>>> print(open('input.tsv').read())   # TSV, C-alpha atoms
chain	number	residue	atom	x	y	z
A	92	MET	CA	30.42	2.02	12.59
A	93	ALA	CA	31.03	0.57	9.12
A	94	ALA	CA	27.98	-0.57	7.17
A	95	ARG	CA	27.62	-4.33	6.96
A	96	THR	CA	28.53	-5.85	3.63
A	97	LEU	CA	25.54	-7.09	1.66
A	98	PRO	CA	25.46	-9.78	-1.02
A	99	THR	CA	25.58	-8.07	-4.42
A	100	VAL	CA	23.51	-8.73	-7.52
A	101	ARG	CA	24.62	-7.40	-10.89
A	102	VAL	CA	21.79	-6.62	-13.31
A	103	SER	CA	21.75	-6.24	-17.09
A	104	LEU	CA	21.98	-2.86	-18.81
A	105	LYS	CA	18.27	-3.12	-19.67
A	106	GLY	CA	17.44	-3.99	-16.05
A	107	ALA	CA	19.52	-1.10	-14.72
A	108	LYS	CA	17.73	1.38	-17.00
A	109	SER	CA	14.35	0.03	-15.90
A	110	LEU	CA	15.14	0.37	-12.19
A	111	ARG	CA	16.54	3.86	-12.66
A	112	ARG	CA	13.42	4.93	-14.57
A	113	GLY	CA	11.34	4.15	-11.51
A	114	THR	CA	10.15	0.57	-11.98
A	115	PRO	CA	10.71	-1.16	-8.62
A	116	TRP	CA	10.55	-4.74	-9.97
A	117	LEU	CA	13.08	-6.76	-11.92
A	118	TYR	CA	12.56	-10.25	-13.30
A	119	ARG	CA	15.15	-13.00	-13.09
A	120	THR	CA	15.83	-12.82	-16.83
A	121	GLU	CA	17.49	-9.41	-16.25
A	122	LEU	CA	20.03	-10.66	-13.68
A	123	ALA	CA	23.55	-10.65	-15.15
A	124	GLU	CA	25.10	-12.11	-12.00
A	125	PRO	CA	22.83	-13.47	-9.23
A	126	PRO	CA	23.90	-12.94	-5.63
A	127	SER	CA	25.46	-15.64	-3.50
A	128	VAL	CA	22.86	-15.87	-0.77
A	129	GLU	CA	20.97	-18.65	1.02
A	130	ALA	CA	18.74	-16.75	3.45
A	131	ARG	CA	15.06	-16.38	2.52
A	132	GLY	CA	14.01	-12.84	1.68
A	133	ALA	CA	17.54	-11.48	1.88
A	134	VAL	CA	18.33	-7.82	1.22
A	135	VAL	CA	20.96	-7.40	-1.49
A	136	ALA	CA	22.94	-4.53	-2.97
A	137	VAL	CA	22.05	-3.92	-6.62
A	138	VAL	CA	24.64	-2.72	-9.15
A	139	ASP	CA	24.68	-2.15	-12.92
A	140	PRO	CA	27.00	-3.99	-15.36
A	141	GLN	CA	29.84	-1.56	-14.55
A	142	GLY	CA	29.40	-2.03	-10.80
A	143	ASN	CA	27.76	1.33	-10.17
A	144	PRO	CA	25.24	1.23	-7.29
A	145	ILE	CA	21.50	1.29	-8.00
A	146	GLY	CA	20.14	0.63	-4.51
A	147	GLN	CA	19.05	-2.22	-2.23
A	148	ALA	CA	16.33	-4.79	-2.88
A	149	PHE	CA	14.63	-7.92	-1.63
A	150	TYR	CA	16.01	-10.95	-3.46
A	151	ALA	CA	13.66	-13.89	-4.06
A	152	GLN	CA	15.26	-17.28	-4.57
A	153	ARG	CA	12.31	-18.93	-6.31
A	154	SER	CA	10.03	-16.29	-7.77
A	155	PRO	CA	10.39	-15.21	-11.44
A	156	LEU	CA	10.21	-11.71	-9.93
A	157	ALA	CA	13.73	-11.75	-8.49
A	158	LEU	CA	14.20	-8.19	-7.20
A	159	ARG	CA	11.89	-5.74	-5.44
A	160	LEU	CA	13.66	-2.44	-4.87
A	161	LEU	CA	13.55	-1.09	-1.32
A	162	THR	CA	15.70	2.03	-1.56
A	163	ARG	CA	17.91	3.78	-4.09
A	164	ARG	CA	20.49	4.51	-1.42
A	165	PRO	CA	23.50	2.27	-0.77
A	166	PRO	CA	23.90	0.42	2.57
A	167	SER	CA	26.40	3.03	3.79
A	168	GLU	CA	23.71	5.73	3.59
A	169	GLU	CA	20.59	3.79	4.61
A	170	PRO	CA	20.90	0.41	6.31
A	171	VAL	CA	17.86	-1.80	5.66
A	172	ASP	CA	17.11	-3.08	9.16
A	173	GLU	CA	14.15	-3.21	11.55
A	174	ALA	CA	14.39	0.55	12.14
A	175	PHE	CA	14.17	1.06	8.36
A	176	PHE	CA	10.98	-1.00	8.06
A	177	ARG	CA	9.44	0.60	11.15
A	178	ARG	CA	9.95	4.07	9.62
A	179	ARG	CA	8.22	2.87	6.47
A	180	LEU	CA	5.29	1.52	8.51
A	181	GLU	CA	4.98	4.79	10.43
A	182	ALA	CA	4.99	6.77	7.18
A	183	ALA	CA	2.25	4.56	5.69
A	184	LEU	CA	0.05	5.08	8.74
A	185	ALA	CA	0.68	8.85	8.66
A	186	ARG	CA	-0.50	8.97	5.03
A	187	ARG	CA	-3.90	7.67	6.16
A	188	ALA	CA	-4.35	10.50	8.69
A	189	PRO	CA	-6.94	12.28	6.47
A	190	LEU	CA	-9.04	9.08	6.67
A	191	LYS	CA	-8.94	8.87	10.47
A	192	GLN	CA	-12.75	8.86	10.66
A	193	ARG	CA	-12.81	5.43	8.95
A	194	ASP	CA	-12.61	2.24	10.97
A	195	GLY	CA	-12.22	0.06	7.87
A	196	LEU	CA	-9.35	0.89	5.50
A	197	ARG	CA	-6.05	-0.26	4.05
A	198	LEU	CA	-3.09	0.82	6.19
A	199	VAL	CA	-0.24	-0.49	4.02
A	200	HIS	CA	-0.46	-0.92	0.24
A	201	GLY	CA	2.67	-2.77	-0.78
A	202	GLU	CA	4.96	-1.09	-3.31
A	203	ALA	CA	2.89	2.11	-3.23
A	204	ASP	CA	3.92	2.54	0.43
A	205	LEU	CA	7.52	1.46	-0.32
A	206	LEU	CA	6.96	-1.84	1.50
A	207	PRO	CA	7.09	-4.35	-1.39
A	208	GLY	CA	4.70	-7.23	-0.98
A	209	LEU	CA	3.17	-6.13	2.35
A	210	PHE	CA	-0.54	-5.35	2.62
A	211	VAL	CA	-2.34	-4.48	5.86
A	212	ASP	CA	-6.07	-3.85	6.34
A	213	ARG	CA	-7.82	-2.52	9.43
A	214	TYR	CA	-11.29	-3.56	10.61
A	215	GLY	CA	-12.00	-1.85	13.90
A	216	THR	CA	-9.35	-3.16	16.30
A	217	GLY	CA	-8.48	-6.12	14.08
A	218	LEU	CA	-5.83	-6.19	11.38
A	219	THR	CA	-5.19	-8.52	8.49
A	220	LEU	CA	-1.68	-8.85	7.16
A	221	GLN	CA	-0.84	-10.31	3.75
A	222	THR	CA	2.60	-10.89	2.24
A	223	LEU	CA	3.17	-11.41	-1.48
A	224	SER	CA	6.97	-11.29	-1.55
A	225	GLU	CA	9.58	-13.63	-0.11
A	226	GLY	CA	11.19	-10.70	1.71
A	227	MET	CA	8.03	-9.72	3.57
A	228	ASP	CA	7.00	-13.33	4.12
A	229	ALA	CA	10.22	-13.82	6.10
A	230	ARG	CA	9.42	-10.75	8.23
A	231	LYS	CA	5.68	-11.11	8.87
A	232	GLU	CA	5.99	-12.06	12.55
A	233	TRP	CA	8.07	-8.93	13.15
A	234	ALA	CA	5.63	-6.83	11.12
A	235	ALA	CA	2.72	-8.09	13.24
A	236	ARG	CA	4.49	-7.10	16.48
A	237	ALA	CA	5.38	-3.66	15.11
A	238	LEU	CA	1.82	-3.04	13.89
A	239	VAL	CA	0.36	-3.94	17.29
A	240	GLU	CA	2.69	-1.38	18.88
A	241	LEU	CA	1.83	1.30	16.34
A	242	THR	CA	-1.96	0.76	16.12
A	243	GLY	CA	-3.02	-0.89	19.39
A	244	ALA	CA	-4.71	-3.70	17.46
A	245	THR	CA	-6.09	-6.59	19.52
A	246	HIS	CA	-5.71	-9.15	16.70
A	247	VAL	CA	-3.46	-9.58	13.68
A	248	VAL	CA	-4.51	-12.28	11.22
A	249	CYS	CA	-2.08	-13.39	8.52
A	250	ARG	CA	-4.15	-13.96	5.36
A	251	ASP	CA	-1.46	-15.54	3.24
A	252	ASP	CA	-3.90	-17.67	1.27
A	253	ALA	CA	-3.99	-15.60	-1.96
A	254	SER	CA	-3.20	-17.15	-5.33
A	255	GLY	CA	-0.44	-14.58	-5.86
A	256	ARG	CA	1.71	-16.58	-3.44
A	257	ASP	CA	1.75	-19.50	-5.89
A	258	PHE	CA	3.59	-17.30	-8.39
A	259	GLU	CA	6.12	-16.42	-5.69
A	260	GLY	CA	6.64	-20.05	-4.72
A	261	LEU	CA	5.25	-19.42	-1.22
A	262	LYS	CA	2.89	-21.73	0.65
A	263	ARG	CA	-0.65	-20.61	1.41
A	264	GLU	CA	-1.70	-20.26	5.04
A	265	VAL	CA	-4.04	-18.45	7.44
A	266	VAL	CA	-2.49	-17.82	10.85
A	267	LEU	CA	-3.43	-15.77	13.89
A	268	LEU	CA	-0.22	-13.87	14.61
A	269	HIS	CA	-1.53	-11.85	17.57
A	270	GLY	CA	-4.59	-12.16	19.79
A	271	LYS	CA	-6.76	-15.00	21.02
A	272	GLY	CA	-10.11	-16.55	20.17
A	273	GLU	CA	-12.34	-15.47	17.30
A	274	ALA	CA	-11.37	-12.67	14.94
A	275	ARG	CA	-14.80	-11.19	14.17
A	276	PHE	CA	-15.00	-7.41	13.92
A	277	THR	CA	-17.33	-4.68	12.73
A	278	TYR	CA	-16.50	-1.69	10.56
A	279	HIS	CA	-18.47	1.00	8.75
A	280	GLU	CA	-18.94	2.19	5.19
A	281	GLY	CA	-20.60	5.53	5.63
A	282	GLU	CA	-23.54	4.89	7.95
A	283	ASN	CA	-23.72	1.15	7.18
A	284	ARG	CA	-22.18	-1.31	9.62
A	285	PHE	CA	-20.62	-4.58	8.42
A	286	GLU	CA	-19.34	-7.66	10.22
A	287	VAL	CA	-16.28	-9.61	9.05
A	288	ASP	CA	-14.57	-12.81	10.11
A	289	LEU	CA	-10.88	-12.16	9.48
A	290	LEU	CA	-10.02	-15.85	9.75
A	291	GLY	CA	-12.73	-17.19	7.48
A	292	ASP	CA	-14.02	-14.60	4.99
A	293	MET	CA	-12.68	-14.07	1.47
A	294	LYS	CA	-9.68	-11.92	0.63
A	295	THR	CA	-8.62	-10.06	3.80
A	296	GLY	CA	-12.19	-9.96	5.14
A	297	ALA	CA	-13.84	-7.46	2.81
A	298	PHE	CA	-13.19	-5.47	-0.37
A	299	LEU	CA	-12.03	-2.19	1.14
A	300	ASP	CA	-10.76	-0.93	-2.22
A	301	GLN	CA	-14.40	-0.51	-3.28
A	302	VAL	CA	-15.66	1.49	-0.28
A	303	ASP	CA	-15.62	4.87	-2.05
A	304	ASN	CA	-17.23	3.33	-5.12
A	305	HIS	CA	-19.96	1.79	-2.95
A	306	LEU	CA	-20.76	5.20	-1.48
A	307	ARG	CA	-20.67	7.00	-4.83
A	308	ALA	CA	-23.03	4.44	-6.38
A	309	GLY	CA	-25.42	5.06	-3.51
A	310	GLU	CA	-25.44	8.76	-4.35
A	311	LEU	CA	-26.23	8.24	-8.05
A	312	ALA	CA	-28.56	5.22	-7.97
A	313	ARG	CA	-32.35	5.29	-8.08
A	314	GLY	CA	-35.46	3.14	-8.61
A	315	GLU	CA	-35.16	-0.63	-8.76
A	316	ALA	CA	-31.55	-1.84	-8.43
A	317	LEU	CA	-29.72	-5.08	-9.21
A	318	ASP	CA	-26.38	-5.75	-7.49
A	319	LEU	CA	-24.45	-8.68	-8.98
A	320	PHE	CA	-21.52	-10.42	-7.23
A	321	SER	CA	-22.69	-8.72	-4.05
A	322	TYR	CA	-20.43	-10.57	-1.54
A	323	HIS	CA	-21.37	-9.03	1.86
A	324	GLY	CA	-23.62	-6.38	0.33
A	325	GLY	CA	-21.30	-3.37	0.12
A	326	PHE	CA	-22.89	-1.98	-3.02
A	327	ALA	CA	-26.36	-3.27	-2.11
A	328	LEU	CA	-26.56	-1.48	1.23
A	329	ALA	CA	-25.23	1.74	-0.27
A	330	LEU	CA	-27.83	1.52	-3.07
A	331	SER	CA	-30.61	0.89	-0.57
A	332	ARG	CA	-30.39	4.46	0.70
A	333	SER	CA	-31.60	5.96	-2.59
A	334	CYS	CA	-33.33	3.04	-4.35
A	335	ASP	CA	-36.85	1.71	-3.87
A	336	SER	CA	-35.63	-1.89	-3.91
A	337	VAL	CA	-32.32	-3.75	-4.28
A	338	LEU	CA	-31.87	-7.34	-5.42
A	339	ALA	CA	-28.40	-8.53	-4.36
A	340	VAL	CA	-27.08	-11.67	-6.09
A	341	GLU	CA	-24.22	-13.70	-4.55
A	342	GLN	CA	-23.15	-17.21	-5.54
A	343	ASP	CA	-21.26	-18.13	-2.35
A	344	PRO	CA	-23.84	-19.33	0.25
A	345	LYS	CA	-21.82	-18.12	3.25
A	346	ALA	CA	-21.32	-14.65	1.75
A	347	ALA	CA	-24.99	-14.45	0.75
A	348	GLU	CA	-26.07	-15.21	4.31
A	349	ARG	CA	-23.68	-12.54	5.63
A	350	ALA	CA	-25.18	-10.04	3.19
A	351	ARG	CA	-28.67	-10.87	4.56
A	352	GLU	CA	-27.38	-10.38	8.12
A	353	ASN	CA	-25.78	-7.05	7.22
A	354	ALA	CA	-28.97	-5.84	5.56
A	355	ALA	CA	-31.04	-6.83	8.62
A	356	ARG	CA	-28.49	-5.33	11.03
A	357	ASN	CA	-28.76	-1.98	9.25
A	358	GLY	CA	-32.54	-2.09	8.89
A	359	ARG	CA	-32.43	-2.24	5.09
A	360	ALA	CA	-35.77	-3.95	4.54
A	361	ASN	CA	-35.72	-3.02	0.83
A	362	VAL	CA	-32.73	-5.34	0.19
A	363	THR	CA	-33.36	-8.92	-0.95
A	364	VAL	CA	-30.45	-11.35	-1.27
A	365	GLU	CA	-30.55	-14.21	-3.78
A	366	ASN	CA	-27.97	-17.02	-3.60
A	367	ALA	CA	-27.38	-17.61	-7.34
A	368	ASN	CA	-24.97	-17.37	-10.27
A	369	ALA	CA	-24.87	-13.88	-11.76
A	370	PHE	CA	-24.63	-15.12	-15.36
A	371	ASP	CA	-27.72	-17.29	-14.85
A	372	VAL	CA	-29.67	-14.45	-13.23
A	373	LEU	CA	-28.89	-12.03	-16.08
A	374	ARG	CA	-29.91	-14.65	-18.62
A	375	ARG	CA	-33.19	-15.23	-16.76
A	376	PHE	CA	-34.00	-11.53	-16.64
A	377	ALA	CA	-33.17	-11.14	-20.33
A	378	ASP	CA	-35.59	-13.95	-21.14
A	379	THR	CA	-38.38	-12.64	-18.90
A	380	GLY	CA	-37.98	-8.95	-19.78
A	381	ARG	CA	-37.22	-7.84	-16.20
A	382	ARG	CA	-35.64	-4.38	-16.23
A	383	PHE	CA	-33.88	-2.23	-13.62
A	384	ASP	CA	-33.05	1.45	-13.13
A	385	THR	CA	-29.62	0.64	-11.67
A	386	VAL	CA	-27.31	-2.34	-12.26
A	387	VAL	CA	-23.97	-2.99	-10.54
A	388	LEU	CA	-21.41	-5.48	-11.89
A	389	ASP	CA	-18.51	-6.18	-9.53
A	390	PRO	CA	-17.16	-9.60	-10.55
A	391	PRO	CA	-14.03	-11.23	-9.12
A	392	GLY	CA	-10.78	-10.93	-11.06
A	393	LEU	CA	-11.46	-12.89	-14.24
A	394	ALA	CA	-7.92	-12.50	-15.67
A	395	LYS	CA	-5.36	-13.77	-13.17
A	396	ARG	CA	-2.66	-14.19	-15.85
A	397	ARG	CA	-2.06	-12.41	-19.15
A	398	GLU	CA	-2.52	-15.64	-21.10
A	399	GLY	CA	-6.13	-15.81	-19.86
A	400	LEU	CA	-6.99	-12.25	-20.86
A	401	ALA	CA	-8.86	-13.08	-24.08
A	402	THR	CA	-11.15	-15.54	-22.27
A	403	ALA	CA	-11.72	-13.03	-19.47
A	404	LEU	CA	-12.63	-10.29	-21.94
A	405	ARG	CA	-15.31	-12.51	-23.47
A	406	ALA	CA	-16.78	-13.13	-20.01
A	407	TYR	CA	-16.68	-9.41	-19.15
A	408	HIS	CA	-18.32	-8.61	-22.49
A	409	GLU	CA	-21.15	-11.08	-21.92
A	410	LEU	CA	-21.82	-9.72	-18.42
A	411	ASN	CA	-21.92	-6.11	-19.60
A	412	LEU	CA	-23.98	-6.90	-22.70
A	413	ARG	CA	-26.65	-8.61	-20.60
A	414	ALA	CA	-26.53	-5.84	-18.01
A	415	PHE	CA	-27.20	-3.21	-20.68
A	416	LYS	CA	-30.15	-5.26	-21.91
A	417	CYS	CA	-31.56	-5.31	-18.36
A	418	LEU	CA	-31.39	-1.52	-17.95
A	419	LYS	CA	-34.38	0.75	-18.37
A	420	PRO	CA	-33.96	3.94	-20.43
A	421	GLU	CA	-31.79	6.45	-18.51
A	422	GLY	CA	-30.58	3.56	-16.34
A	423	LEU	CA	-27.26	3.59	-14.46
A	424	LEU	CA	-24.64	0.86	-14.91
A	425	VAL	CA	-21.76	0.68	-12.44
A	426	THR	CA	-19.33	-1.82	-13.94
A	427	CYS	CA	-16.04	-2.87	-12.37
A	428	SER	CA	-12.96	-4.97	-12.99
A	429	CYS	CA	-10.24	-5.87	-10.49
A	430	SER	CA	-8.16	-7.76	-13.08
A	431	GLY	CA	-4.73	-6.12	-13.02
A	432	LYS	CA	-3.86	-7.63	-16.42
A	433	LEU	CA	-6.79	-5.78	-18.01
A	434	GLY	CA	-5.82	-2.14	-18.60
A	435	ARG	CA	-8.17	0.79	-18.15
A	436	GLU	CA	-8.40	1.55	-21.89
A	437	ALA	CA	-9.12	-2.07	-22.82
A	438	PHE	CA	-11.77	-2.28	-20.08
A	439	GLU	CA	-13.55	0.83	-21.31
A	440	GLU	CA	-13.33	-0.36	-24.91
A	441	MET	CA	-14.98	-3.64	-23.87
A	442	VAL	CA	-17.82	-1.81	-22.05
A	443	LEU	CA	-18.50	0.45	-25.04
A	444	SER	CA	-18.44	-2.57	-27.37
A	445	ALA	CA	-21.02	-4.29	-25.14
A	446	ALA	CA	-23.20	-1.16	-25.23
A	447	GLU	CA	-22.96	-1.06	-29.02
A	448	ASP	CA	-23.93	-4.73	-29.28
A	449	ALA	CA	-26.88	-4.05	-26.96
A	450	LYS	CA	-27.81	-1.10	-29.22
A	451	ARG	CA	-27.71	1.28	-26.26
A	452	PRO	CA	-26.15	4.75	-26.65
A	453	VAL	CA	-24.38	5.68	-23.42
A	454	GLN	CA	-22.98	8.57	-21.43
A	455	ILE	CA	-19.79	8.00	-19.44
A	456	LEU	CA	-20.41	9.73	-16.13
A	457	GLU	CA	-17.28	8.85	-14.14
A	458	ARG	CA	-14.07	6.84	-14.39
A	459	ARG	CA	-12.99	5.69	-10.94
A	460	GLY	CA	-10.53	3.36	-9.26
A	461	ALA	CA	-9.63	2.32	-5.75
A	462	GLY	CA	-9.88	4.71	-2.79
A	463	LEU	CA	-7.24	7.00	-1.31
A	464	ASP	CA	-6.03	4.24	0.98
A	465	HIS	CA	-5.10	2.14	-2.11
A	466	PRO	CA	-2.76	4.54	-3.98
A	467	VAL	CA	-1.27	3.73	-7.38
A	468	PHE	CA	2.53	3.63	-7.49
A	469	GLY	CA	3.97	5.67	-10.36
A	470	GLY	CA	6.12	3.45	-12.53
A	471	LEU	CA	4.21	0.28	-11.66
A	472	LEU	CA	0.97	0.12	-13.63
A	473	GLU	CA	0.11	-3.22	-11.99
A	474	THR	CA	-0.91	-1.28	-8.87
A	475	GLU	CA	-3.77	0.35	-10.83
A	476	TYR	CA	-5.74	-2.86	-10.89
A	477	LEU	CA	-9.26	-1.65	-10.02
A	478	LYS	CA	-11.42	0.04	-12.64
A	479	ALA	CA	-14.96	1.31	-12.07
A	480	LEU	CA	-16.97	2.92	-14.85
A	481	TYR	CA	-20.25	4.74	-14.17
A	482	VAL	CA	-22.37	4.76	-17.34
A	483	ARG	CA	-25.87	5.99	-18.19
A	484	ALA	CA	-27.66	3.96	-20.85
A	485	LEU	CA	-29.95	6.19	-22.91
>>> encode(input="input.tsv", output="structure tokens")
Amino acid sequence: MAARTLPTVRVSLKGAKSLRRGTPWLYRTELAEPPSVEARGAVVAVVDPQGNPIGQAFYAQRSPLALRLLTRRPPSEEPVDEAFFRRRLEAALARRAPLKQRDGLRLVHGEADLLPGLFVDRYGTGLTLQTLSEGMDARKEWAARALVELTGATHVVCRDDASGRDFEGLKREVVLLHGKGEARFTYHEGENRFEVDLLGDMKTGAFLDQVDNHLRAGELARGEALDLFSYHGGFALALSRSCDSVLAVEQDPKAAERARENAARNGRANVTVENANAFDVLRRFADTGRRFDTVVLDPPGLAKRREGLATALRAYHELNLRAFKCLKPEGLLVTCSCSGKLGREAFEEMVLSAAEDAKRPVQILERRGAGLDHPVFGGLLETEYLKALYVRAL
């Protein structure tokens, strides 16, 4: 059977070189000849200025990010159909086999799993699905059905309410694609059990990219601990295993209450949750001379766009400066950033600058990122968004 003819997009010489070097994205400014296509999320054949094939890609009609490469093979060798996407889903699930003991983890991580713009998280028997590309947005109902078949999930919640969809020109929505009734599930981080509401909680329910960092902090922490931007208490409960006391600070009232419930559910009587602004709390402790043996900073992404990076860096610097001032001698600081626009080197430079301003010599103990279920895609530095630095202040 002859391969079906796909709409063709011709890219610039610069764009062709970028795609062939391994970058899977191409912006609209590098299109020499856009395809003639009306369907949302269409798959197109990609060629260079001379007409030589480069591969097949999702084409977005509205996003500045026009092409997301799916395969380097032409349609005659590898048709991009439902069987193609199912094979990619199966491969992503197989990659998580070493993590089979976990009941809370990411199952599909977008470009890193060769499924551009598709992210799937598991919480027990519930799944959240998020699409950040026009191509995957058009296929999310199919993806939900396939995931139910492959995982046996009882619920699939579409959490397409992230700000990244604004950039793609996609509407925000939260929809239950499979299952009935509430979508509340439990999952574990080590021995700690957490509850999530997949329809109502932030992000896709929890911050699964930080699970390994939560557990590592619990191994290194000691004494009196302060956990800022605690959300549901992931760091706080991990710290509680090795610390005498943990003060968890969370500004969102609903998240703070969930953190209290999680602490009580796990019998962590040494965890106290305060519903407050982290900047205000650090300022108060600086004024009163309150000091801690362990401090964790895990703020939300402060730099959503590159043009806001300078402002974000000032906020990160202030947080880390005040955290250093609140640390006792030999104290541990676990400081994080999930801002993809802030590179690892610039983040570390900011932390060391804050330590210098606080007049605290430091040891860098570990440089960490997201867990194994959130791999970084070579050729796309944007996928290395999470930075975690473990520092001892002398």
>>> residues_around(input="input.tsv", residues="Tyr407 (chain A)", least_positions_apart="3", cutoff="8 Å", atoms="only C-alpha atoms", output="PyMOL selection string")
chain A and resi 393+403-404+410-411+441
>>> atom_distance(input="input.tsv", atom1="CA of Asp371 (chain A)", atom2="CA of Ala316 (chain A)")
17.2 Å
>>> closest_residue(input="input.tsv", among="A:Arg359, A:His200, A:Arg284, A:Arg256", to="Val467 (chain A)", atoms="all atoms listed in the file")
A:His200
>>> closest_residue(input="input.tsv", among="A:Ala274, A:Asn283, A:Leu400, A:Pro155", to="Ala350 (chain A)", atoms="all atoms listed in the file")
A:Asn283
>>> residues_around(input="input.tsv", residues="His305 (chain A)", least_positions_apart="2", cutoff="10 Å", atoms="all atoms listed in the file", output="list of chain:residue names")
A:Glu280, A:Gly281, A:Leu299, A:Asp300, A:Gln301, A:Val302, A:Asp303, A:Arg307, A:Ala308, A:Gly309, A:Glu310, A:Gly324, A:Gly325, A:Phe326, A:Ala327, A:Leu328, A:Ala329, A:Leu330, A:Val387, A:Val425
